[in-house]
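Enquirer: upload-v2.txt is reproduced in full below (compact mmCIF, C-alpha atoms).
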```txt
# COMPACT_ATOMS: atom_id res chain seq x y z
CA MET H 28 -8.83 -32.43 -65.52
CA GLY H 29 -10.26 -29.22 -64.01
CA LYS H 30 -12.01 -31.17 -61.27
CA LYS H 31 -8.79 -33.02 -60.45
CA ARG H 32 -6.85 -29.76 -60.21
CA ALA H 33 -9.53 -28.25 -57.99
CA LEU H 34 -9.40 -31.30 -55.74
CA ILE H 35 -5.60 -31.07 -55.49
CA LEU H 36 -5.79 -27.34 -54.69
CA SER H 37 -8.47 -28.01 -52.07
CA LEU H 38 -6.37 -30.72 -50.45
CA ALA H 39 -3.28 -28.47 -50.51
CA LEU H 40 -5.21 -25.60 -48.97
CA GLY H 41 -6.58 -27.91 -46.28
CA LEU H 42 -3.10 -29.21 -45.53
CA PHE H 43 -1.78 -25.63 -45.32
CA VAL H 44 -4.55 -24.56 -42.93
CA PHE H 45 -3.92 -27.67 -40.82
CA CYS H 46 -0.18 -26.95 -40.65
CA VAL H 47 -0.76 -23.29 -39.72
CA SER H 48 -3.29 -24.29 -37.09
CA ALA H 49 -0.95 -26.95 -35.69
CA ALA H 50 1.91 -24.44 -35.55
CA GLU H 51 -0.25 -21.86 -33.77
CA HIS H 52 -1.47 -24.53 -31.35
CA TYR H 53 2.14 -25.53 -30.68
CA HIS H 54 3.22 -21.94 -30.03
CA VAL H 55 0.19 -21.29 -27.78
CA ASN H 56 0.90 -24.46 -25.84
CA ALA H 57 4.60 -23.58 -25.60
CA ARG H 58 3.77 -20.05 -24.36
CA THR H 59 1.22 -21.41 -21.86
CA LYS H 60 3.76 -23.93 -20.59
CA ARG H 61 6.44 -21.22 -20.29
CA ILE H 62 4.09 -18.92 -18.32
CA SER H 63 3.07 -21.83 -16.11
CA LEU H 64 6.72 -22.63 -15.36
CA GLU H 65 7.48 -18.96 -14.61
CA VAL H 66 4.46 -18.71 -12.28
CA HIS H 67 5.48 -21.93 -10.49
CA LYS H 68 9.02 -20.57 -10.05
CA LYS H 69 7.70 -17.25 -8.69
CA LEU H 70 5.34 -19.01 -6.27
CA LYS H 71 8.17 -21.17 -5.00
CA LEU H 72 10.27 -18.05 -4.43
CA LEU H 73 7.49 -16.10 -2.67
CA ASN H 74 5.88 -18.82 -0.57
CA LYS H 75 8.31 -20.02 2.07
CA ARG H 76 7.70 -23.43 3.61
CA GLY H 77 5.71 -23.10 6.82
CA VAL H 78 5.76 -25.17 9.99
CA LYS H 79 1.99 -24.76 10.28
CA THR H 80 -0.87 -23.83 7.93
CA ILE H 81 -4.04 -21.97 8.93
CA LYS H 82 -7.09 -21.79 6.67
CA SER H 83 -8.99 -18.58 7.34
CA GLU H 84 -12.78 -18.59 7.10
CA ASP H 85 -12.56 -15.80 4.47
CA GLY H 86 -10.72 -18.16 2.08
CA ASP H 87 -7.14 -16.95 2.60
CA ILE H 88 -4.38 -19.29 3.78
CA ILE H 89 -1.71 -18.42 6.34
CA ASP H 90 1.66 -20.14 6.46
CA CYS H 91 3.53 -19.88 9.76
CA VAL H 92 7.11 -19.41 8.53
CA ASP H 93 10.35 -19.53 10.52
CA ILE H 94 11.16 -15.88 11.27
CA TYR H 95 14.70 -16.35 9.91
CA LYS H 96 13.42 -17.77 6.60
CA GLN H 97 11.00 -14.96 5.70
CA PRO H 98 11.17 -13.30 2.23
CA ALA H 99 13.04 -10.21 3.47
CA PHE H 100 16.35 -12.03 3.59
CA ASP H 101 16.27 -12.78 -0.14
CA HIS H 102 17.08 -9.10 -0.70
CA PRO H 103 20.77 -8.67 -1.67
CA ALA H 104 21.20 -5.83 0.83
CA LEU H 105 19.88 -7.99 3.68
CA ARG H 106 21.89 -11.18 3.21
CA ASN H 107 23.97 -10.42 6.33
CA HIS H 108 21.27 -8.47 8.17
CA LYS H 109 20.91 -9.26 11.86
CA ILE H 110 17.23 -9.31 12.72
CA GLN H 111 16.06 -6.86 15.40
CA MET H 112 13.40 -8.72 17.37
CA ARG H 113 11.89 -5.66 19.04
CA PRO H 114 12.33 -1.89 19.04
CA SER H 115 14.97 -0.64 21.45
CA SER H 116 12.89 2.45 22.21
CA HIS H 117 9.27 2.77 23.28
CA VAL H 118 6.79 5.22 21.77
CA GLN H 119 4.73 6.67 24.59
CA ASN H 120 1.20 7.35 23.33
CA ASP H 121 -0.45 10.44 24.78
CA HIS H 122 -3.92 8.91 24.44
CA ASN H 123 -5.72 5.58 24.91
CA SER H 124 -8.29 5.81 22.14
CA SER H 125 -6.85 3.12 19.88
CA GLN H 126 -8.78 -0.09 19.39
CA LEU H 127 -7.29 -3.57 19.22
CA VAL H 128 -6.47 -4.85 15.75
CA SER H 129 -8.86 -7.64 14.75
CA GLN H 130 -8.19 -9.87 11.73
CA ILE H 131 -10.53 -12.61 10.50
CA TRP H 132 -7.80 -15.28 10.20
CA GLN H 133 -7.13 -15.04 13.95
CA ARG H 134 -10.42 -16.88 14.61
CA SER H 135 -8.99 -19.99 12.94
CA GLY H 136 -5.72 -20.40 14.85
CA SER H 137 -2.38 -18.85 15.74
CA CYS H 138 1.25 -19.20 14.77
CA PRO H 139 3.80 -20.69 17.19
CA ASP H 140 6.67 -18.75 18.73
CA GLY H 141 9.62 -18.25 16.41
CA THR H 142 7.41 -17.94 13.32
CA ILE H 143 5.52 -15.19 11.51
CA PRO H 144 2.16 -15.44 9.68
CA ILE H 145 2.44 -14.91 5.92
CA ARG H 146 -0.54 -14.79 3.56
CA ARG H 147 -0.03 -17.49 0.95
CA ILE H 148 0.16 -16.20 -2.61
CA ARG H 149 -1.69 -18.37 -5.12
CA LYS H 150 -1.50 -18.86 -8.86
CA GLN H 151 -4.57 -16.71 -9.52
CA ASP H 152 -2.97 -13.84 -7.58
CA LEU H 153 0.02 -13.79 -9.94
CA LEU H 154 -2.11 -14.16 -13.08
CA ARG H 155 -4.02 -10.96 -12.19
CA ALA H 156 -0.80 -8.92 -12.31
CA THR H 157 0.24 -7.09 -15.49
CA SER H 158 3.51 -9.06 -15.23
CA LEU H 159 5.21 -11.27 -12.67
CA GLU H 160 7.76 -8.50 -12.09
CA ASN H 161 5.00 -6.03 -11.24
CA PHE H 162 3.13 -8.29 -8.82
CA GLY H 163 2.49 -6.54 -5.50
CA LYS H 164 3.69 -3.15 -6.72
CA LYS H 165 2.02 0.24 -6.99
CA MET H 166 1.97 1.85 -10.38
CA PRO H 167 4.94 4.19 -10.99
CA VAL H 168 4.13 7.83 -10.25
CA HIS H 169 3.94 9.58 -13.61
CA SER H 170 4.17 13.33 -13.14
CA SER H 171 3.06 16.02 -15.54
CA TYR H 172 4.61 18.79 -13.44
CA SER H 173 6.37 21.73 -15.05
CA PRO H 174 8.08 24.63 -13.22
CA THR H 175 5.48 27.07 -14.53
CA ASP H 176 2.52 24.98 -13.28
CA ASP H 177 1.39 25.78 -9.73
CA LYS H 178 -1.13 22.93 -9.56
CA GLY H 179 0.00 20.32 -7.06
CA THR H 180 1.82 22.93 -4.98
CA VAL H 181 1.15 23.50 -1.27
CA TYR H 182 2.65 26.23 0.91
CA ILE H 183 3.15 25.38 4.60
CA ASN H 184 4.59 28.25 6.65
CA SER H 185 6.29 29.60 3.50
CA ASN H 186 7.68 26.15 2.63
CA ARG H 187 6.80 25.23 -0.95
CA VAL H 188 5.87 21.55 -1.35
CA GLU H 189 5.57 20.06 -4.84
CA LEU H 190 3.10 17.16 -4.90
CA GLY H 191 2.42 16.71 -8.57
CA PRO H 192 0.22 16.82 -10.45
CA GLN H 193 0.57 13.05 -10.93
CA VAL H 194 -1.54 11.53 -13.64
CA ASN H 195 -2.36 8.09 -12.24
CA ARG H 196 -3.33 8.91 -8.67
CA SER H 197 -5.69 11.18 -6.80
CA ALA H 198 -4.94 12.08 -3.19
CA ALA H 199 -6.65 13.94 -0.35
CA ILE H 200 -4.13 14.50 2.43
CA LEU H 201 -2.97 16.40 5.48
CA LEU H 202 0.75 17.12 5.33
CA THR H 203 3.58 18.73 7.23
CA THR H 204 7.13 19.72 6.32
CA GLY H 205 9.84 22.09 7.52
CA TYR H 206 11.59 19.78 9.99
CA ASN H 207 13.29 16.39 10.10
CA TYR H 208 10.82 13.75 11.26
CA ILE H 209 11.78 10.38 12.74
CA GLY H 210 8.22 9.26 13.25
CA ALA H 211 4.53 9.86 12.66
CA GLN H 212 1.26 8.30 13.69
CA GLY H 213 -2.50 8.74 13.62
CA ASP H 214 -5.74 6.96 14.49
CA ILE H 215 -7.20 6.00 11.11
CA ASN H 216 -10.91 5.23 10.72
CA ILE H 217 -11.51 1.85 8.96
CA TRP H 218 -13.97 1.49 6.06
CA THR H 219 -14.55 -0.63 2.96
CA PRO H 220 -14.97 1.75 0.00
CA ARG H 221 -16.08 0.52 -3.40
CA VAL H 222 -13.38 -0.24 -5.98
CA GLU H 223 -14.89 0.00 -9.44
CA SER H 224 -12.25 -1.74 -11.55
CA PRO H 225 -9.96 -4.67 -10.62
CA ASP H 226 -6.87 -2.74 -11.72
CA GLU H 227 -7.56 0.10 -9.25
CA PHE H 228 -7.08 0.39 -5.51
CA THR H 229 -7.75 2.77 -2.67
CA THR H 230 -5.84 3.40 0.58
CA ALA H 231 -6.05 5.22 3.89
CA GLN H 232 -2.54 5.59 5.27
CA ILE H 233 0.53 7.41 6.57
CA TRP H 234 3.55 8.27 4.39
CA LEU H 235 7.01 9.40 5.54
CA LYS H 236 9.15 10.61 2.62
CA ASN H 237 12.53 12.02 1.69
CA GLY H 238 14.48 12.47 -1.54
CA PRO H 239 13.97 14.20 -4.90
CA GLY H 240 10.48 14.23 -6.41
CA GLU H 241 11.26 11.89 -9.30
CA ALA H 242 13.05 9.37 -7.08
CA PHE H 243 11.70 9.88 -3.57
CA GLU H 244 11.89 7.28 -0.80
CA SER H 245 8.79 6.42 1.20
CA VAL H 246 7.73 4.14 4.06
CA GLU H 247 3.99 3.62 4.44
CA SER H 248 1.32 1.83 6.46
CA GLY H 249 -2.47 1.80 6.66
CA TRP H 250 -5.40 -0.08 5.17
CA VAL H 251 -6.11 -0.86 1.51
CA VAL H 252 -8.75 -2.30 -0.80
CA ASN H 253 -6.83 -3.80 -3.72
CA PRO H 254 -8.55 -6.56 -5.76
CA LYS H 255 -5.60 -7.01 -8.13
CA VAL H 256 -3.17 -8.00 -5.38
CA TYR H 257 -5.53 -9.68 -2.91
CA GLY H 258 -8.35 -11.00 -5.09
CA ASN H 259 -11.40 -9.28 -3.60
CA GLY H 260 -12.79 -5.99 -2.27
CA ALA H 261 -12.06 -6.56 1.44
CA THR H 262 -10.21 -4.05 3.63
CA ARG H 263 -6.73 -5.23 4.57
CA LEU H 264 -3.76 -4.15 6.67
CA PHE H 265 -0.73 -3.19 4.59
CA VAL H 266 2.79 -1.81 4.60
CA TYR H 267 4.65 -0.48 1.57
CA TRP H 268 8.08 0.91 0.72
CA THR H 269 9.90 2.39 -2.25
CA LYS H 270 13.30 3.99 -2.83
CA ASP H 271 12.59 5.29 -6.36
CA SER H 272 9.03 6.71 -6.35
CA TYR H 273 7.52 3.27 -7.14
CA LYS H 274 9.46 2.80 -10.37
CA SER H 275 11.01 -0.60 -9.64
CA SER H 276 11.68 -1.02 -5.93
CA GLY H 277 9.37 -1.94 -3.09
CA CYS H 278 6.02 -3.66 -2.78
CA PHE H 279 2.99 -4.34 -0.62
CA ASP H 280 3.64 -6.37 2.52
CA LEU H 281 5.94 -9.38 1.99
CA THR H 282 5.27 -9.80 -1.75
CA CYS H 283 8.93 -8.97 -2.39
CA PRO H 284 12.04 -9.02 -0.18
CA GLY H 285 12.37 -5.97 2.05
CA PHE H 286 10.12 -5.57 5.08
CA VAL H 287 11.18 -7.61 8.11
CA GLN H 288 8.23 -8.92 10.15
CA THR H 289 8.66 -9.81 13.83
CA ASN H 290 5.07 -10.18 15.08
CA LYS H 291 3.52 -13.69 15.14
CA ASP H 292 -0.07 -12.56 15.73
CA ILE H 293 -0.65 -9.95 12.99
CA ALA H 294 -0.58 -10.85 9.29
CA LEU H 295 0.11 -8.26 6.60
CA GLY H 296 -2.33 -8.30 3.69
CA MET H 297 -5.04 -10.05 5.70
CA VAL H 298 -8.63 -8.86 6.13
CA LEU H 299 -9.46 -6.54 9.03
CA GLY H 300 -12.33 -7.88 11.14
CA LEU H 301 -14.12 -4.64 12.08
CA VAL H 302 -15.11 -1.88 9.65
CA SER H 303 -17.21 1.24 10.17
CA SER H 304 -20.70 1.90 8.84
CA LYS H 305 -22.51 5.15 7.98
CA MET H 306 -23.92 6.70 11.16
CA GLY H 307 -23.19 3.39 12.88
CA PRO H 308 -20.29 1.99 14.91
CA GLN H 309 -16.95 3.60 14.09
CA TYR H 310 -13.76 1.55 14.19
CA GLN H 311 -10.23 2.88 14.09
CA THR H 312 -6.70 1.83 14.90
CA THR H 313 -3.43 3.64 15.45
CA PHE H 314 -0.85 3.40 12.68
CA SER H 315 2.67 4.43 13.66
CA ILE H 316 6.02 4.48 11.84
CA THR H 317 9.15 5.49 13.79
CA LYS H 318 12.87 5.43 13.08
CA GLU H 319 15.53 4.13 15.44
CA PRO H 320 18.55 6.39 14.84
CA SER H 321 20.92 3.71 16.18
CA THR H 322 19.97 1.13 13.51
CA GLY H 323 18.27 3.20 10.79
CA ASN H 324 15.32 0.80 10.89
CA TRP H 325 11.80 2.23 10.49
CA TRP H 326 9.42 0.36 12.84
CA VAL H 327 5.72 -0.12 12.10
CA ARG H 328 3.39 -0.29 15.09
CA ILE H 329 -0.38 -0.66 15.03
CA GLY H 330 -3.16 -0.73 17.61
CA GLN H 331 -2.02 -0.32 21.17
CA ASN H 332 1.64 0.29 20.33
CA VAL H 333 2.14 -3.27 19.00
CA PRO H 334 5.29 -3.67 16.84
CA VAL H 335 4.66 -5.51 13.54
CA GLY H 336 8.14 -5.28 12.04
CA TYR H 337 10.40 -2.80 10.31
CA PHE H 338 11.76 -1.41 7.06
CA PRO H 339 15.53 -2.05 7.34
CA GLY H 340 17.81 0.94 6.97
CA GLU H 341 19.83 -0.92 4.31
CA LEU H 342 16.96 -0.41 1.84
CA PHE H 343 17.32 3.38 1.69
CA TYR H 344 19.70 6.28 1.22
CA TYR H 345 17.94 9.50 2.27
CA LEU H 346 15.71 7.92 4.94
CA THR H 347 18.69 6.11 6.46
CA ARG H 348 21.28 8.90 6.41
CA GLY H 349 18.73 11.47 7.49
CA ALA H 350 15.07 11.53 8.40
CA ALA H 351 11.76 12.11 6.67
CA THR H 352 11.27 15.67 5.42
CA LEU H 353 7.61 15.25 4.44
CA VAL H 354 4.81 13.46 6.33
CA GLU H 355 1.35 12.82 4.90
CA TRP H 356 -1.86 11.40 6.35
CA GLY H 357 -4.95 10.61 4.28
CA GLY H 358 -6.14 8.66 1.28
CA GLU H 359 -5.16 7.87 -2.27
CA VAL H 360 -6.89 6.28 -5.25
CA PHE H 361 -4.73 4.71 -7.96
CA SER H 362 -6.39 4.58 -11.37
CA SER H 363 -5.81 5.51 -14.99
CA LYS H 364 -9.25 7.18 -14.89
CA VAL H 365 -8.49 10.19 -12.71
CA LYS H 366 -7.70 13.84 -13.39
CA GLN H 367 -8.62 14.70 -17.00
CA ASN H 368 -9.47 11.14 -18.06
CA HIS H 369 -13.25 10.96 -18.36
CA PRO H 370 -15.37 9.25 -17.32
CA HIS H 371 -13.72 9.48 -13.93
CA THR H 372 -13.41 6.29 -11.89
CA GLY H 373 -16.17 5.52 -9.40
CA THR H 374 -13.67 4.06 -6.93
CA GLY H 375 -14.24 5.58 -3.51
CA MET H 376 -11.73 6.97 -1.05
CA GLY H 377 -12.12 6.64 2.71
CA SER H 378 -15.77 5.88 3.43
CA GLY H 379 -16.78 6.88 -0.10
CA ASP H 380 -18.30 10.08 1.35
CA PHE H 381 -16.88 13.60 1.19
CA ALA H 382 -14.95 15.11 4.10
CA SER H 383 -17.83 17.49 4.80
CA GLY H 384 -19.85 14.53 6.11
CA LYS H 385 -17.57 14.50 9.17
CA LEU H 386 -17.92 11.99 12.00
CA GLY H 387 -20.12 9.00 11.19
CA ASN H 388 -20.02 9.64 7.45
CA ALA H 389 -16.48 10.56 6.39
CA CYS H 390 -13.22 8.75 7.04
CA TYR H 391 -10.98 10.50 9.56
CA VAL H 392 -7.51 10.61 11.09
CA LYS H 393 -7.50 11.60 14.76
CA GLN H 394 -4.56 12.22 17.09
CA VAL H 395 -2.23 13.28 14.26
CA ARG H 396 1.30 13.16 15.62
CA ILE H 397 4.92 13.56 14.53
CA ILE H 398 8.21 12.77 16.26
CA ASP H 399 11.29 14.91 15.69
CA TYR H 400 14.71 14.57 17.30
CA SER H 401 13.24 15.65 20.63
CA LYS H 402 11.71 12.13 20.53
CA GLN H 403 8.39 13.50 21.78
CA LEU H 404 5.03 12.78 20.15
CA LYS H 405 3.33 16.06 19.29
CA TYR H 406 0.88 17.68 16.92
CA PRO H 407 2.80 19.20 13.97
CA GLU H 408 3.65 22.87 14.31
CA TRP H 409 2.40 23.54 10.77
CA VAL H 410 0.01 21.52 8.63
CA GLY H 411 -1.73 21.98 5.30
CA THR H 412 -4.47 20.14 3.45
CA TYR H 413 -4.38 19.19 -0.20
CA SER H 414 -6.73 17.49 -2.64
CA ASP H 415 -5.87 16.63 -6.24
CA GLU H 416 -9.56 16.73 -7.22
CA GLU H 417 -11.69 18.44 -4.59
CA TYR H 418 -14.96 17.66 -6.41
CA CYS H 419 -14.07 13.95 -6.50
CA TYR H 420 -12.22 13.51 -3.19
CA SER H 421 -12.01 16.23 -0.54
CA ALA H 422 -9.89 17.10 2.51
CA LEU H 423 -10.91 19.00 5.65
CA ASN H 424 -8.96 19.63 8.87
CA TYR H 425 -11.76 20.51 11.29
CA ALA H 426 -11.84 21.54 14.95
CA VAL H 427 -15.09 21.99 16.85
CA SER H 428 -13.50 24.83 18.83
CA LEU H 429 -10.13 26.52 19.31
CA ALA H 430 -9.75 24.55 22.54
CA GLN H 431 -9.94 21.22 20.72
CA GLU H 432 -7.45 19.54 18.43
CA PRO H 433 -8.47 19.27 14.77
CA VAL H 434 -9.64 16.01 13.21
CA PHE H 435 -8.65 15.42 9.61
CA TYR H 436 -11.50 14.19 7.37
CA PHE H 437 -10.97 13.00 3.80
CA GLY H 438 -12.50 11.00 0.97
CA GLY H 439 -15.22 10.95 -1.62
CA PRO H 440 -17.06 8.80 -4.18
CA GLY H 441 -14.99 9.66 -7.22
CA ARG H 442 -17.31 10.06 -10.21
CA ASN H 443 -20.39 12.16 -9.38
CA PRO H 444 -21.61 14.18 -12.42
CA PRO H 445 -21.68 17.06 -13.12
CA TYR H 446 -19.04 17.99 -10.49
CA CYS H 447 -16.72 15.03 -11.11
CA PRO H 448 -17.85 13.70 -14.52
```
Please render this file's structure as structure tokens.
Expert:
Amino acid sequence: MGKKRALILSLALGLFVFCVSAAEHYHVNARTKRISLEVHKKLKLLNKRGVKTIKSEDGDIIDCVDIYKQPAFDHPALRNHKIQMRPSSHVQNDHNSSQLVSQIWQRSGSCPDGTIPIRRIRKQDLLRATSLENFGKKMPVHSSYSPTDDKGTVYINSNRVELGPQVNRSAAILLTTGYNYIGAQGDINIWTPRVESPDEFTTAQIWLKNGPGEAFESVESGWVVNPKVYGNGATRLFVYWTKDSYKSSGCFDLTCPGFVQTNKDIALGMVLGLVSSKMGPQYQTTFSITKEPSTGNWWVRIGQNVPVGYFPGELFYYLTRGAATLVEWGGEVFSSKVKQNHPHTGTGMGSGDFASGKLGNACYVKQVRIIDYSKQLKYPEWVGTYSDEEYCYSALNYAVSLAQEPVFYFGGPGRNPPYCP
């Protein structure tokens, strides 16, 4: 009788385990199927049907999409937007030092007139994101600033500028304030710094900002190494925008509706063909962002004054009704392992070398320029340098002599014990 009871209990236990396992398997399969359907829906929304496909030798795919069917026009504020094919005003560069923009995909073909090249987003790109909603976005700027804390404060000609401190980013920048700016540009040196963790990224860029610190608006352009968005550690051209300090709006490139692209030869998010090497050839390109007061659109130009597209005025409040009140040039590392979080990230900024290395070693911005309502390109009247963590990433505005214009150097390796443990 005891053996029979034991057998019955054993069979019951086995049946229970089987049922639990089957239920778990069902729920896992249901969840997997739901995620797969959501990813498929997101891909269909992001990837517009192209009239031509180009397979780049670096593994990326370009879709040549009808300019009127690009992602920008999915934005509610842009449903009735009339596309501006080219800037109505010309930015007259006061130098000819900029190099042509070279991208690897261009070796494999070109897009026809009336289309724009868009990097195809693939399933694995979306699965790397923390969520489908966060794909292509910077982390929100979490600030630990209090009115009694002077860290993250810069004074430029008696103007107090509050920059942080922000707990998930580390910046080394040149900045100017005190006027209304309708444009800025600079020749940014191109490198491929190391990114230690796939959830981190590093940029070299220009920012134009306006609005309150906890909800500022920003338009940005430069180069980035961002494995989470793009899948590898290559250096890529990017644009970015936000109207709420990265909380929910904006994104890299065309990964959400917003930026309107007009150029058929330059692809956002694609690999740059030429990068600098230590004490070797140095490559740079001009990055420029300028506002057209008549439309409120902020145009991005790169290289030899080549328009790429624009951030429509409908996206913003402060930047549309006014101008930028703060301009920054330099680099930024996004990571949860910066500031007081040890060990510090080993993700590099710029070349991965400190600003003191100067030309041939450190990343630089030459020909720093702003445009105010005089509509003239000029060196800012007042500038300041700032570094969140000078022993991890440094900033140096250096002139060989008083007769020469300064060159802004920035960057660093991140973790380097004992100075940046």
Enquirer: Given all atoms listed in the file as the basis, pick out the residue of H:Asn290, H:Ser197, H:Thr313, H:Gln431 nearest to H:Tyr418.
Expert: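 Between H:Asn290, H:Ser197, H:Thr313, H:Gln431, the residue approaching H:Tyr418 most closely is H:Ser197.
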Enquirer: What's the 9 Å shell around H:Gly377, counting only C-alpha atoms, without same-chain residues fewer than 3 positions away, as a PyMOL selection string?
Expert: chain H and resi 216-220+229-231+357-359+380-381+389-391+436-440
Enquirer: Please produce a file of the residues just selected, as a PDB file, in the coordinates of the input, where the atoms kept are C-alpha atoms.
Expert:
```
ATOM      1  CA  ASN H 216     -10.910   5.230  10.720  1.00  0.00           C
ATOM      2  CA  ILE H 217     -11.510   1.850   8.960  1.00  0.00           C
ATOM      3  CA  TRP H 218     -13.970   1.490   6.060  1.00  0.00           C
ATOM      4  CA  THR H 219     -14.550  -0.630   2.960  1.00  0.00           C
ATOM      5  CA  PRO H 220     -14.970   1.750   0.000  1.00  0.00           C
ATOM      6  CA  THR H 229      -7.750   2.770  -2.670  1.00  0.00           C
ATOM      7  CA  THR H 230      -5.840   3.400   0.580  1.00  0.00           C
ATOM      8  CA  ALA H 231      -6.050   5.220   3.890  1.00  0.00           C
ATOM      9  CA  GLY H 357      -4.950  10.610   4.280  1.00  0.00           C
ATOM     10  CA  GLY H 358      -6.140   8.660   1.280  1.00  0.00           C
ATOM     11  CA  GLU H 359      -5.160   7.870  -2.270  1.00  0.00           C
ATOM     12  CA  ASP H 380     -18.300  10.080   1.350  1.00  0.00           C
ATOM     13  CA  PHE H 381     -16.880  13.600   1.190  1.00  0.00           C
ATOM     14  CA  ALA H 389     -16.480  10.560   6.390  1.00  0.00           C
ATOM     15  CA  CYS H 390     -13.220   8.750   7.040  1.00  0.00           C
ATOM     16  CA  TYR H 391     -10.980  10.500   9.560  1.00  0.00           C
ATOM     17  CA  TYR H 436     -11.500  14.190   7.370  1.00  0.00           C
ATOM     18  CA  PHE H 437     -10.970  13.000   3.800  1.00  0.00           C
ATOM     19  CA  GLY H 438     -12.500  11.000   0.970  1.00  0.00           C
ATOM     20  CA  GLY H 439     -15.220  10.950  -1.620  1.00  0.00           C
ATOM     21  CA  PRO H 440     -17.060   8.800  -4.180  1.00  0.00           C
TER      22      PRO H 440
END
```
Enquirer: Scan for residues within 12 Å of the point (1.3, -1.2, -0.1) in the coordinates of the file, using all atoms listed in the file, and reply as an MDAnalysis selection string.
Expert: chainID H and resid 162:166 228:234 245:253 256:257 263:269 273 276:283 286 295:296 359 361
Enquirer: Store the residues of this selection in a file with C-alpha atoms, as a compact mmCIF listing (two decimals), keeping the file's coordinate frame.
Expert:
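Result file is result03.txt:
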```
# COMPACT_ATOMS: atom_id res chain seq x y z
CA PHE H 162 3.13 -8.29 -8.82
CA GLY H 163 2.49 -6.54 -5.50
CA LYS H 164 3.69 -3.15 -6.72
CA LYS H 165 2.02 0.24 -6.99
CA MET H 166 1.97 1.85 -10.38
CA PHE H 228 -7.08 0.39 -5.51
CA THR H 229 -7.75 2.77 -2.67
CA THR H 230 -5.84 3.40 0.58
CA ALA H 231 -6.05 5.22 3.89
CA GLN H 232 -2.54 5.59 5.27
CA ILE H 233 0.53 7.41 6.57
CA TRP H 234 3.55 8.27 4.39
CA SER H 245 8.79 6.42 1.20
CA VAL H 246 7.73 4.14 4.06
CA GLU H 247 3.99 3.62 4.44
CA SER H 248 1.32 1.83 6.46
CA GLY H 249 -2.47 1.80 6.66
CA TRP H 250 -5.40 -0.08 5.17
CA VAL H 251 -6.11 -0.86 1.51
CA VAL H 252 -8.75 -2.30 -0.80
CA ASN H 253 -6.83 -3.80 -3.72
CA VAL H 256 -3.17 -8.00 -5.38
CA TYR H 257 -5.53 -9.68 -2.91
CA ARG H 263 -6.73 -5.23 4.57
CA LEU H 264 -3.76 -4.15 6.67
CA PHE H 265 -0.73 -3.19 4.59
CA VAL H 266 2.79 -1.81 4.60
CA TYR H 267 4.65 -0.48 1.57
CA TRP H 268 8.08 0.91 0.72
CA THR H 269 9.90 2.39 -2.25
CA TYR H 273 7.52 3.27 -7.14
CA SER H 276 11.68 -1.02 -5.93
CA GLY H 277 9.37 -1.94 -3.09
CA CYS H 278 6.02 -3.66 -2.78
CA PHE H 279 2.99 -4.34 -0.62
CA ASP H 280 3.64 -6.37 2.52
CA LEU H 281 5.94 -9.38 1.99
CA THR H 282 5.27 -9.80 -1.75
CA CYS H 283 8.93 -8.97 -2.39
CA PHE H 286 10.12 -5.57 5.08
CA LEU H 295 0.11 -8.26 6.60
CA GLY H 296 -2.33 -8.30 3.69
CA GLU H 359 -5.16 7.87 -2.27
CA PHE H 361 -4.73 4.71 -7.96
```
Enquirer: Given the point (-0.9, -17.2, 13.0) in the coordinates of this file, which residues lie within 8 Å, counting only C-alpha atoms, and how would they look as a list in words?
Expert: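 Applying the cut-off with only C-alpha atoms, one gets Ile81, Ile89, Asp90, Cys91, Trp132, Gln133, Gly136, Ser137, Cys138, Pro139, Ile143, Pro144, Lys291, Asp292, Ile293 and Ala294 of chain H.
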Enquirer: When you draw a straight line from atom CA of H:Gly375 to atom CA of H:Arg221, how long is it in Å?
Expert: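 Computing the Euclidean distance for atom CA of H:Gly375 and atom CA of H:Arg221 yields 5.4 Å.
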Enquirer: Go through H:Trp409, H:Lys274, H:Ile200, H:Tyr310 one by one, measure the shortest atom-to-atom distance of each to H:Ala382 using only C-alpha atoms, and give the residue with the smallest value.
Expert: H:Ile200
Enquirer: Return the single residue from H:Pro320, H:Pro254, H:Pro334, H:Gly260 that is closest to H:Lys402, with distances computed using all atoms listed in the file.
Expert: H:Pro320
Enquirer: Using all atoms of stretch 360-366 of chain H listed in the file and a margin of 4 Å per side, can you give the axis-aligned box centre and edge lengths in Å to one decimal, as AutoDock Vina command-line options?
Expert:
```
--center_x -7.0 --center_y 9.2 --center_z -10.1 --size_x 12.5 --size_y 17.3 --size_z 17.7
```
Enquirer: Which residues come within 12 Å of H:Gln403, counting all atoms listed in the file, excluding same-chain residues fewer than 3 positions away, as a PyMOL selection string?
Expert: chain H and resi 116-121+208-212+317+396-400+406-407
Enquirer: Using all atoms listed in the file, which of the listed residues (H:Leu301, H:Leu42, H:Leu342, H:Cys419) sits closest to H:Ala99?
Expert: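 With all atoms listed in the file as the atom set, the closest residue is H:Leu342.
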Enquirer: Hey, can you check how far atom CA of H:Ser378 sits from atom CA of H:Val434?
Expert: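 Computing it gives 15.4 Å between the two atoms.
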Enquirer: Could you tell me how far atom CA of H:Gly238 sits from atom CA of H:Glu341, in Å to one decimal place?
Expert: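 Spanning atom CA of H:Glu341 to atom CA of H:Gly238 is a straight-line distance of 15.6 Å.
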Enquirer: Between H:Thr322, H:Gln193, H:Ser414, H:Ser401, which has the minimum distance to H:Met376 (counting all atoms listed in the file)?
Expert: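 Smallest distance to H:Met376 is found for H:Ser414.
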Enquirer: Would you please work out which residue, of H:Gln151, H:Glu223, H:Val360, H:Ser421, is nearest to H:His67 when using only C-alpha atoms?
Expert: H:Gln151
